[in-house]
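Structure file structure-v9.pdb with PDB, C-alpha atoms, pLDDT in the B column:
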ATOM      1  CA  MET W   1      65.713  47.485   6.685  1.00 48.00           C
ATOM      2  CA  ALA W   2      66.293  51.092   5.738  1.00 46.00           C
ATOM      3  CA  ASP W   3      65.683  53.876   8.215  1.00 47.00           C
ATOM      4  CA  GLY W   4      62.029  55.010   8.164  1.00 44.00           C
ATOM      5  CA  GLU W   5      60.730  51.856   6.475  1.00 41.00           C
ATOM      6  CA  VAL W   6      57.787  50.292   8.298  1.00 40.00           C
ATOM      7  CA  ALA W   7      57.971  46.502   8.760  1.00 43.00           C
ATOM      8  CA  ALA W   8      55.043  44.435   7.461  1.00 38.00           C
ATOM      9  CA  PRO W   9      52.980  43.001  10.347  1.00 40.00           C
ATOM     10  CA  VAL W  10      53.327  39.289  11.075  1.00 41.00           C
ATOM     11  CA  LEU W  11      49.866  37.596  10.830  1.00 36.00           C
ATOM     12  CA  GLU W  12      49.064  34.573  12.982  1.00 44.00           C
ATOM     13  CA  GLY W  13      46.432  31.913  12.289  1.00 44.00           C
ATOM     14  CA  ASP W  14      44.485  31.452   9.059  1.00 44.00           C
ATOM     15  CA  PRO W  15      44.769  33.977   6.286  1.00 43.00           C
ATOM     16  CA  PRO W  16      41.824  36.382   6.028  1.00 44.00           C
ATOM     17  CA  ALA W  17      38.825  35.055   4.053  1.00 46.00           C
ATOM     18  CA  ARG W  18      38.307  36.310   0.565  1.00 47.00           C
ATOM     19  CA  THR W  19      35.340  38.537   0.008  1.00 47.00           C
ATOM     20  CA  THR W  20      32.595  36.772  -1.999  1.00 50.00           C
ATOM     21  CA  GLY W  21      32.146  38.317  -5.396  1.00 53.00           C
ATOM     22  CA  PRO W  22      28.836  39.145  -7.066  1.00 54.00           C
ATOM     23  CA  GLY W  23      28.591  35.699  -8.703  1.00 55.00           C
ATOM     24  CA  GLY W  24      29.163  33.870  -5.428  1.00 57.00           C
ATOM     25  CA  ARG W  25      26.510  35.892  -3.619  1.00 59.00           C
ATOM     26  CA  GLY W  26      24.028  34.989  -6.375  1.00 59.00           C
ATOM     27  CA  ARG W  27      24.716  31.292  -5.985  1.00 60.00           C
ATOM     28  CA  VAL W  28      24.234  31.528  -2.224  1.00 59.00           C
ATOM     29  CA  ARG W  29      20.885  33.290  -2.643  1.00 66.00           C
ATOM     30  CA  LEU W  30      19.736  30.632  -5.164  1.00 64.00           C
ATOM     31  CA  GLY W  31      20.692  27.826  -2.799  1.00 62.00           C
ATOM     32  CA  VAL W  32      18.775  29.417   0.076  1.00 62.00           C
ATOM     33  CA  TYR W  33      15.724  29.946  -2.154  1.00 62.00           C
ATOM     34  CA  LEU W  34      15.744  26.310  -3.311  1.00 65.00           C
ATOM     35  CA  ALA W  35      16.067  25.045   0.261  1.00 64.00           C
ATOM     36  CA  VAL W  36      13.126  27.186   1.405  1.00 60.00           C
ATOM     37  CA  LEU W  37      11.044  26.035  -1.587  1.00 67.00           C
ATOM     38  CA  ALA W  38      11.792  22.367  -0.888  1.00 63.00           C
ATOM     39  CA  ALA W  39      10.826  22.802   2.761  1.00 61.00           C
ATOM     40  CA  ALA W  40       7.559  24.525   1.800  1.00 58.00           C
ATOM     41  CA  LEU W  41       6.670  21.760  -0.659  1.00 67.00           C
ATOM     42  CA  GLY W  42       7.443  19.134   1.955  1.00 57.00           C
ATOM     43  CA  LEU W  43       5.158  20.822   4.476  1.00 55.00           C
ATOM     44  CA  ALA W  44       2.379  21.132   1.890  1.00 49.00           C
ATOM     45  CA  LEU W  45       2.596  17.434   0.989  1.00 54.00           C
ATOM     46  CA  ALA W  46       2.625  16.446   4.651  1.00 47.00           C
ATOM     47  CA  ALA W  47      -0.448  18.593   5.350  1.00 43.00           C
ATOM     48  CA  ARG W  48      -2.239  17.089   2.351  1.00 47.00           C
ATOM     49  CA  SER W  49      -1.490  13.523   3.471  1.00 44.00           C
ATOM     50  CA  LEU W  50      -2.865  14.281   6.933  1.00 49.00           C
ATOM     51  CA  ARG W  51      -6.072  15.803   5.564  1.00 59.00           C
ATOM     52  CA  PRO W  52      -8.901  13.228   5.819  1.00 69.00           C
ATOM     53  CA  ARG W  53     -10.413  12.085   2.536  1.00 72.00           C
ATOM     54  CA  PRO W  54     -14.116  12.812   2.096  1.00 88.00           C
ATOM     55  CA  PRO W  55     -16.363   9.808   2.792  1.00 89.00           C
ATOM     56  CA  LEU W  56     -17.672   7.705  -0.061  1.00 94.00           C
ATOM     57  CA  PRO W  57     -21.076   8.857  -1.326  1.00 95.00           C
ATOM     58  CA  VAL W  58     -24.282   6.996  -0.464  1.00 95.00           C
ATOM     59  CA  TYR W  59     -26.409   6.126  -3.508  1.00 95.00           C
ATOM     60  CA  GLY W  60     -29.224   4.359  -1.707  1.00 94.00           C
ATOM     61  CA  ARG W  61     -30.046   1.265   0.324  1.00 94.00           C
ATOM     62  CA  VAL W  62     -29.833  -2.416  -0.496  1.00 92.00           C
ATOM     63  CA  PRO W  63     -33.341  -3.486  -1.583  1.00 90.00           C
ATOM     64  CA  ALA W  64     -35.416  -5.864   0.508  1.00 92.00           C
ATOM     65  CA  PHE W  65     -35.383  -9.347  -1.037  1.00 95.00           C
ATOM     66  CA  ARG W  66     -35.717 -13.030  -0.170  1.00 96.00           C
ATOM     67  CA  LEU W  67     -33.843 -15.233  -2.619  1.00 98.00           C
ATOM     68  CA  VAL W  68     -31.701 -18.389  -2.504  1.00 98.00           C
ATOM     69  CA  ASP W  69     -28.023 -19.076  -3.157  1.00 98.00           C
ATOM     70  CA  GLU W  70     -26.335 -21.803  -5.207  1.00 98.00           C
ATOM     71  CA  ARG W  71     -26.787 -24.280  -2.347  1.00 97.00           C
ATOM     72  CA  GLY W  72     -30.515 -23.593  -2.137  1.00 97.00           C
ATOM     73  CA  ALA W  73     -30.062 -21.818   1.207  1.00 97.00           C
ATOM     74  CA  PRO W  74     -31.998 -18.589   1.890  1.00 97.00           C
ATOM     75  CA  PHE W  75     -30.187 -15.427   0.868  1.00 97.00           C
ATOM     76  CA  THR W  76     -31.857 -12.214   2.010  1.00 97.00           C
ATOM     77  CA  THR W  77     -31.104  -8.565   2.567  1.00 96.00           C
ATOM     78  CA  GLU W  78     -29.912  -9.477   6.063  1.00 96.00           C
ATOM     79  CA  SER W  79     -27.333 -11.824   4.534  1.00 96.00           C
ATOM     80  CA  MET W  80     -25.464  -8.762   3.263  1.00 95.00           C
ATOM     81  CA  LEU W  81     -25.398  -6.860   6.545  1.00 96.00           C
ATOM     82  CA  GLY W  82     -22.368  -6.738   8.802  1.00 95.00           C
ATOM     83  CA  ARG W  83     -19.792  -7.107   6.020  1.00 95.00           C
ATOM     84  CA  VAL W  84     -18.694  -5.068   3.037  1.00 97.00           C
ATOM     85  CA  ASN W  85     -20.143  -6.556  -0.181  1.00 97.00           C
ATOM     86  CA  VAL W  86     -19.199  -6.363  -3.844  1.00 98.00           C
ATOM     87  CA  VAL W  87     -22.124  -7.235  -6.134  1.00 97.00           C
ATOM     88  CA  ASP W  88     -22.305  -8.039  -9.836  1.00 96.00           C
ATOM     89  CA  PHE W  89     -24.980  -9.324 -12.242  1.00 96.00           C
ATOM     90  CA  VAL W  90     -24.439 -12.280 -14.571  1.00 96.00           C
ATOM     91  CA  PHE W  91     -26.132 -15.336 -16.081  1.00 94.00           C
ATOM     92  CA  THR W  92     -24.590 -18.689 -16.812  1.00 95.00           C
ATOM     93  CA  ARG W  93     -25.524 -18.885 -20.529  1.00 93.00           C
ATOM     94  CA  CYS W  94     -23.916 -15.496 -21.222  1.00 92.00           C
ATOM     95  CA  THR W  95     -20.967 -15.614 -23.615  1.00 88.00           C
ATOM     96  CA  SER W  96     -20.240 -11.888 -23.971  1.00 87.00           C
ATOM     97  CA  SER W  97     -19.596  -9.804 -20.863  1.00 91.00           C
ATOM     98  CA  CYS W  98     -20.301 -12.352 -18.114  1.00 94.00           C
ATOM     99  CA  PRO W  99     -17.096 -14.392 -18.482  1.00 93.00           C
ATOM    100  CA  ARG W 100     -15.100 -11.167 -18.021  1.00 93.00           C
ATOM    101  CA  LEU W 101     -17.221 -10.145 -15.029  1.00 95.00           C
ATOM    102  CA  THR W 102     -16.780 -13.532 -13.384  1.00 97.00           C
ATOM    103  CA  GLN W 103     -13.049 -13.554 -14.090  1.00 95.00           C
ATOM    104  CA  ARG W 104     -12.739 -10.103 -12.527  1.00 95.00           C
ATOM    105  CA  MET W 105     -14.717 -11.246  -9.495  1.00 96.00           C
ATOM    106  CA  ALA W 106     -12.418 -14.262  -9.164  1.00 97.00           C
ATOM    107  CA  GLU W 107      -9.418 -11.918  -9.278  1.00 96.00           C
ATOM    108  CA  LEU W 108     -11.045  -9.830  -6.553  1.00 96.00           C
ATOM    109  CA  GLN W 109     -11.626 -12.958  -4.440  1.00 96.00           C
ATOM    110  CA  THR W 110      -7.931 -13.869  -4.704  1.00 95.00           C
ATOM    111  CA  ARG W 111      -6.773 -10.312  -4.039  1.00 94.00           C
ATOM    112  CA  LEU W 112      -8.927  -9.826  -0.945  1.00 92.00           C
ATOM    113  CA  ALA W 113      -8.003 -13.233   0.472  1.00 92.00           C
ATOM    114  CA  ARG W 114      -4.290 -12.510  -0.027  1.00 92.00           C
ATOM    115  CA  GLU W 115      -4.515  -9.078   1.586  1.00 89.00           C
ATOM    116  CA  GLY W 116      -6.694 -10.149   4.503  1.00 86.00           C
ATOM    117  CA  GLY W 117      -9.938  -8.493   3.408  1.00 85.00           C
ATOM    118  CA  GLY W 118     -13.213  -9.954   4.645  1.00 90.00           C
ATOM    119  CA  ALA W 119     -15.598  -8.571   2.009  1.00 95.00           C
ATOM    120  CA  ARG W 120     -18.367 -10.796   0.648  1.00 97.00           C
ATOM    121  CA  LEU W 121     -18.868 -11.212  -3.119  1.00 98.00           C
ATOM    122  CA  VAL W 122     -22.420 -11.661  -4.449  1.00 98.00           C
ATOM    123  CA  SER W 123     -23.352 -12.503  -8.042  1.00 98.00           C
ATOM    124  CA  PHE W 124     -27.052 -12.055  -8.853  1.00 97.00           C
ATOM    125  CA  SER W 125     -28.343 -14.103 -11.775  1.00 96.00           C
ATOM    126  CA  VAL W 126     -30.359 -12.013 -14.221  1.00 95.00           C
ATOM    127  CA  ASP W 127     -31.664 -15.202 -15.885  1.00 94.00           C
ATOM    128  CA  PRO W 128     -33.334 -16.964 -12.948  1.00 95.00           C
ATOM    129  CA  GLU W 129     -35.569 -19.080 -15.202  1.00 93.00           C
ATOM    130  CA  ASN W 130     -32.498 -21.000 -16.326  1.00 94.00           C
ATOM    131  CA  ASP W 131     -30.123 -20.391 -13.421  1.00 97.00           C
ATOM    132  CA  THR W 132     -31.442 -22.718 -10.754  1.00 98.00           C
ATOM    133  CA  PRO W 133     -29.326 -23.392  -7.655  1.00 98.00           C
ATOM    134  CA  PRO W 134     -27.733 -26.556  -9.172  1.00 98.00           C
ATOM    135  CA  VAL W 135     -26.849 -24.656 -12.366  1.00 98.00           C
ATOM    136  CA  LEU W 136     -25.314 -21.842 -10.320  1.00 98.00           C
ATOM    137  CA  ALA W 137     -23.432 -24.358  -8.154  1.00 98.00           C
ATOM    138  CA  GLU W 138     -21.780 -25.796 -11.261  1.00 98.00           C
ATOM    139  CA  TYR W 139     -20.955 -22.302 -12.517  1.00 97.00           C
ATOM    140  CA  ALA W 140     -19.505 -21.356  -9.114  1.00 98.00           C
ATOM    141  CA  ALA W 141     -17.305 -24.448  -9.083  1.00 97.00           C
ATOM    142  CA  LYS W 142     -15.894 -23.584 -12.512  1.00 96.00           C
ATOM    143  CA  ALA W 143     -15.092 -20.075 -11.214  1.00 97.00           C
ATOM    144  CA  HIS W 144     -13.334 -21.577  -8.151  1.00 97.00           C
ATOM    145  CA  ALA W 145     -15.657 -19.578  -5.922  1.00 97.00           C
ATOM    146  CA  ASP W 146     -15.072 -19.879  -2.193  1.00 96.00           C
ATOM    147  CA  PRO W 147     -18.577 -20.516  -0.767  1.00 94.00           C
ATOM    148  CA  GLY W 148     -17.572 -18.774   2.446  1.00 94.00           C
ATOM    149  CA  ARG W 149     -16.883 -15.567   0.538  1.00 96.00           C
ATOM    150  CA  TRP W 150     -18.673 -15.677  -2.838  1.00 98.00           C
ATOM    151  CA  SER W 151     -22.405 -16.391  -3.249  1.00 98.00           C
ATOM    152  CA  PHE W 152     -24.462 -16.850  -6.432  1.00 98.00           C
ATOM    153  CA  VAL W 153     -28.072 -15.782  -5.999  1.00 98.00           C
ATOM    154  CA  THR W 154     -31.288 -16.632  -7.851  1.00 97.00           C
ATOM    155  CA  GLY W 155     -35.032 -16.688  -7.231  1.00 97.00           C
ATOM    156  CA  PRO W 156     -38.401 -15.796  -8.778  1.00 96.00           C
ATOM    157  CA  VAL W 157     -38.156 -13.600 -11.863  1.00 94.00           C
ATOM    158  CA  ASP W 158     -40.131 -10.684 -10.420  1.00 94.00           C
ATOM    159  CA  ASP W 159     -38.128 -10.721  -7.178  1.00 95.00           C
ATOM    160  CA  ILE W 160     -34.829 -10.701  -9.076  1.00 95.00           C
ATOM    161  CA  SER W 161     -36.039  -7.863 -11.297  1.00 93.00           C
ATOM    162  CA  ARG W 162     -37.092  -5.728  -8.327  1.00 94.00           C
ATOM    163  CA  ALA W 163     -33.804  -6.336  -6.525  1.00 94.00           C
ATOM    164  CA  VAL W 164     -31.578  -5.645  -9.538  1.00 94.00           C
ATOM    165  CA  VAL W 165     -33.398  -2.903 -11.440  1.00 93.00           C
ATOM    166  CA  VAL W 166     -35.381  -1.092  -8.737  1.00 92.00           C
ATOM    167  CA  GLY W 167     -33.050  -1.753  -5.816  1.00 92.00           C
ATOM    168  CA  PHE W 168     -29.506  -1.713  -7.178  1.00 95.00           C
ATOM    169  CA  LYS W 169     -30.507   0.519 -10.119  1.00 93.00           C
ATOM    170  CA  VAL W 170     -28.734  -1.669 -12.668  1.00 94.00           C
ATOM    171  CA  SER W 171     -30.366  -2.408 -16.019  1.00 91.00           C
ATOM    172  CA  ALA W 172     -31.521  -5.932 -16.864  1.00 90.00           C
ATOM    173  CA  ALA W 173     -34.013  -6.983 -19.523  1.00 87.00           C
ATOM    174  CA  LYS W 174     -35.131 -10.186 -21.209  1.00 83.00           C
ATOM    175  CA  ILE W 175     -35.323  -9.951 -25.015  1.00 85.00           C
ATOM    176  CA  ALA W 176     -37.017 -12.634 -27.111  1.00 81.00           C
ATOM    177  CA  THR W 177     -34.861 -13.930 -29.968  1.00 81.00           C
ATOM    178  CA  GLY W 178     -37.192 -16.643 -31.239  1.00 77.00           C
ATOM    179  CA  ALA W 179     -40.284 -18.649 -30.401  1.00 77.00           C
ATOM    180  CA  ASN W 180     -38.607 -20.455 -27.506  1.00 77.00           C
ATOM    181  CA  ASP W 181     -35.424 -18.505 -26.906  1.00 82.00           C
ATOM    182  CA  TYR W 182     -34.338 -15.211 -25.435  1.00 83.00           C
ATOM    183  CA  GLU W 183     -31.331 -13.141 -24.509  1.00 85.00           C
ATOM    184  CA  VAL W 184     -30.694 -11.041 -21.423  1.00 89.00           C
ATOM    185  CA  THR W 185     -29.089  -7.615 -21.452  1.00 87.00           C
ATOM    186  CA  HIS W 186     -27.723  -6.182 -18.234  1.00 89.00           C
ATOM    187  CA  GLY W 187     -25.373  -3.625 -16.760  1.00 88.00           C
ATOM    188  CA  ASN W 188     -21.722  -4.607 -16.389  1.00 92.00           C
ATOM    189  CA  TRP W 189     -20.993  -2.997 -13.036  1.00 94.00           C
ATOM    190  CA  PHE W 190     -19.520  -3.899  -9.708  1.00 97.00           C
ATOM    191  CA  VAL W 191     -21.611  -2.368  -6.931  1.00 97.00           C
ATOM    192  CA  LEU W 192     -20.034  -1.642  -3.542  1.00 97.00           C
ATOM    193  CA  VAL W 193     -22.284  -2.047  -0.492  1.00 97.00           C
ATOM    194  CA  ASP W 194     -21.176  -1.317   3.064  1.00 97.00           C
ATOM    195  CA  GLY W 195     -21.980  -3.405   6.125  1.00 95.00           C
ATOM    196  CA  ALA W 196     -24.924  -1.183   7.016  1.00 95.00           C
ATOM    197  CA  GLY W 197     -26.632  -1.899   3.684  1.00 96.00           C
ATOM    198  CA  ASP W 198     -25.838   1.404   1.946  1.00 96.00           C
ATOM    199  CA  VAL W 199     -24.771   1.416  -1.719  1.00 97.00           C
ATOM    200  CA  ARG W 200     -21.448   3.289  -1.816  1.00 97.00           C
ATOM    201  CA  GLY W 201     -20.172   3.016  -5.381  1.00 97.00           C
ATOM    202  CA  TYR W 202     -20.470   1.753  -8.966  1.00 97.00           C
ATOM    203  CA  TYR W 203     -17.319   0.605 -10.771  1.00 96.00           C
ATOM    204  CA  SER W 204     -16.564  -0.259 -14.370  1.00 92.00           C
ATOM    205  CA  THR W 205     -15.146  -3.750 -14.857  1.00 88.00           C
ATOM    206  CA  GLU W 206     -13.099  -2.880 -17.923  1.00 87.00           C
ATOM    207  CA  GLU W 207     -10.452  -0.472 -16.620  1.00 88.00           C
ATOM    208  CA  THR W 208      -7.621  -1.489 -14.294  1.00 91.00           C
ATOM    209  CA  ALA W 209      -7.787   1.893 -12.551  1.00 94.00           C
ATOM    210  CA  ASP W 210     -11.461   1.304 -11.646  1.00 95.00           C
ATOM    211  CA  PHE W 211     -10.644  -2.166 -10.319  1.00 95.00           C
ATOM    212  CA  GLU W 212      -7.867  -0.748  -8.133  1.00 95.00           C
ATOM    213  CA  LYS W 213     -10.177   1.991  -6.862  1.00 96.00           C
ATOM    214  CA  LEU W 214     -12.749  -0.652  -5.934  1.00 96.00           C
ATOM    215  CA  VAL W 215     -10.128  -2.582  -3.947  1.00 95.00           C
ATOM    216  CA  ASP W 216      -9.052   0.631  -2.215  1.00 95.00           C
ATOM    217  CA  ASP W 217     -12.650   1.586  -1.372  1.00 96.00           C
ATOM    218  CA  VAL W 218     -13.364  -1.887   0.032  1.00 96.00           C
ATOM    219  CA  LYS W 219     -10.372  -1.452   2.346  1.00 94.00           C
ATOM    220  CA  ARG W 220     -11.525   2.036   3.322  1.00 95.00           C
ATOM    221  CA  LEU W 221     -14.943   0.781   4.375  1.00 96.00           C
ATOM    222  CA  GLU W 222     -13.425  -2.109   6.305  1.00 94.00           C
ATOM    223  CA  ARG W 223     -10.993   0.212   8.101  1.00 90.00           C
ATOM    224  CA  ASP W 224     -13.877   2.549   8.967  1.00 86.00           C
ATOM    225  CA  GLY W 225     -15.913  -0.345  10.339  1.00 75.00           C
ATOM    226  CA  ARG W 226     -18.555   0.029   7.651  1.00 66.00           C
TER     227      ARG W 226
END
Once you've parsed the file, please lay out its structure as structure tokens.
Amino acid sequence: MADGEVAAPVLEGDPPARTTGPGGRGRVRLGVYLAVLAAALGLALAARSLRPRPPLPVYGRVPAFRLVDERGAPFTTESMLGRVNVVDFVFTRCTSSCPRLTQRMAELQTRLAREGGGARLVSFSVDPENDTPPVLAEYAAKAHADPGRWSFVTGPVDDISRAVVVGFKVSAAKIATGANDYEVTHGNWFVLVDGAGDVRGYYSTEETADFEKLVDDVKRLERDGR
């Protein structure tokens, strides 16, 4: 080494880190921003899942009635208390909407039994002049109805009309088609009734989404003890 020349210092350990350039600092800031955003979204979703859903609306009360089921046994307003009920309105001679309604009710019976639900299913005949208990019993057997879960109900014409139209607020009308024949028009709804006798919902039978919502609402009422 020449006189006056300063020796380079000997460095120990790791070499000094390189200073991050402008592009690197930008990537770091973007990563931090995305992490904060993901955390905020996660907290928002968690808060939303913990927020209680509003209760189902109440549309009225189950009407007072005294009818009979497919076995000829009394079926009254009190028969529907203490359990969640799903109600529909059919008649055995119907060839248009009733087969679909009954098929949907059978699907609901299978679904609830498989998933441990205890809801009762009730099908009111809107043609009680023809649908006597023996006729309904035959219809129930063809639908594979479980008598412990699914009842078919009939009775005097005026009593059925008051229960269906005035009580459940579902349309039903007898229309003459000839000297000795008639047709019956009626609403194609499933009606959800809680164990206290309050009407809690009306559901279309045509859309899968409505069917799934009905199943979900039945479970909600059962979980809430209603």
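Counting from atom CA of W:Val135, the distance to atom CA of W:Arg66 is 19.0 Å.
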Subject >> Picked residues, the PyMOL selection byres ((chain W and resi 136-138) around 8), expected as an MDAnalysis selection string >> reply: chainID W and resid 70:71 92 131:135 139:142 152:153
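Atom to atom, atom CA of W:Thr77 and atom CA of W:Ala64 stand 5.5 Å apart.
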**OP:** Tell me which protein, DNA and RNA residues are within 9 Å of stretch 169-175 of chain W, counting only C-alpha atoms, leaving out same-chain ones fewer than 3 positions away, and put them as a VMD selection string.
**Re:** chain W and resid 89 126 to 127 161 163 to 166 181 to 189
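With distances restricted to only C-alpha atoms, W:Asp159 is the closest residue to W:Phe124 from W:Glu107, W:Asp159, W:Glu78, W:Asp146.
The coordinates place atom CA of W:Gly197 at 11.5 Å from atom CA of W:Val86.
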**OP:** Just the residues within 7 Å of W:Ser204, please, counting all atoms listed in the file, with nothing from its chain fewer than 2 positions along; format it as a list in words.
**Re:** Trp189, Phe190, Tyr202, Glu206, Glu207 and Asp210 of chain W
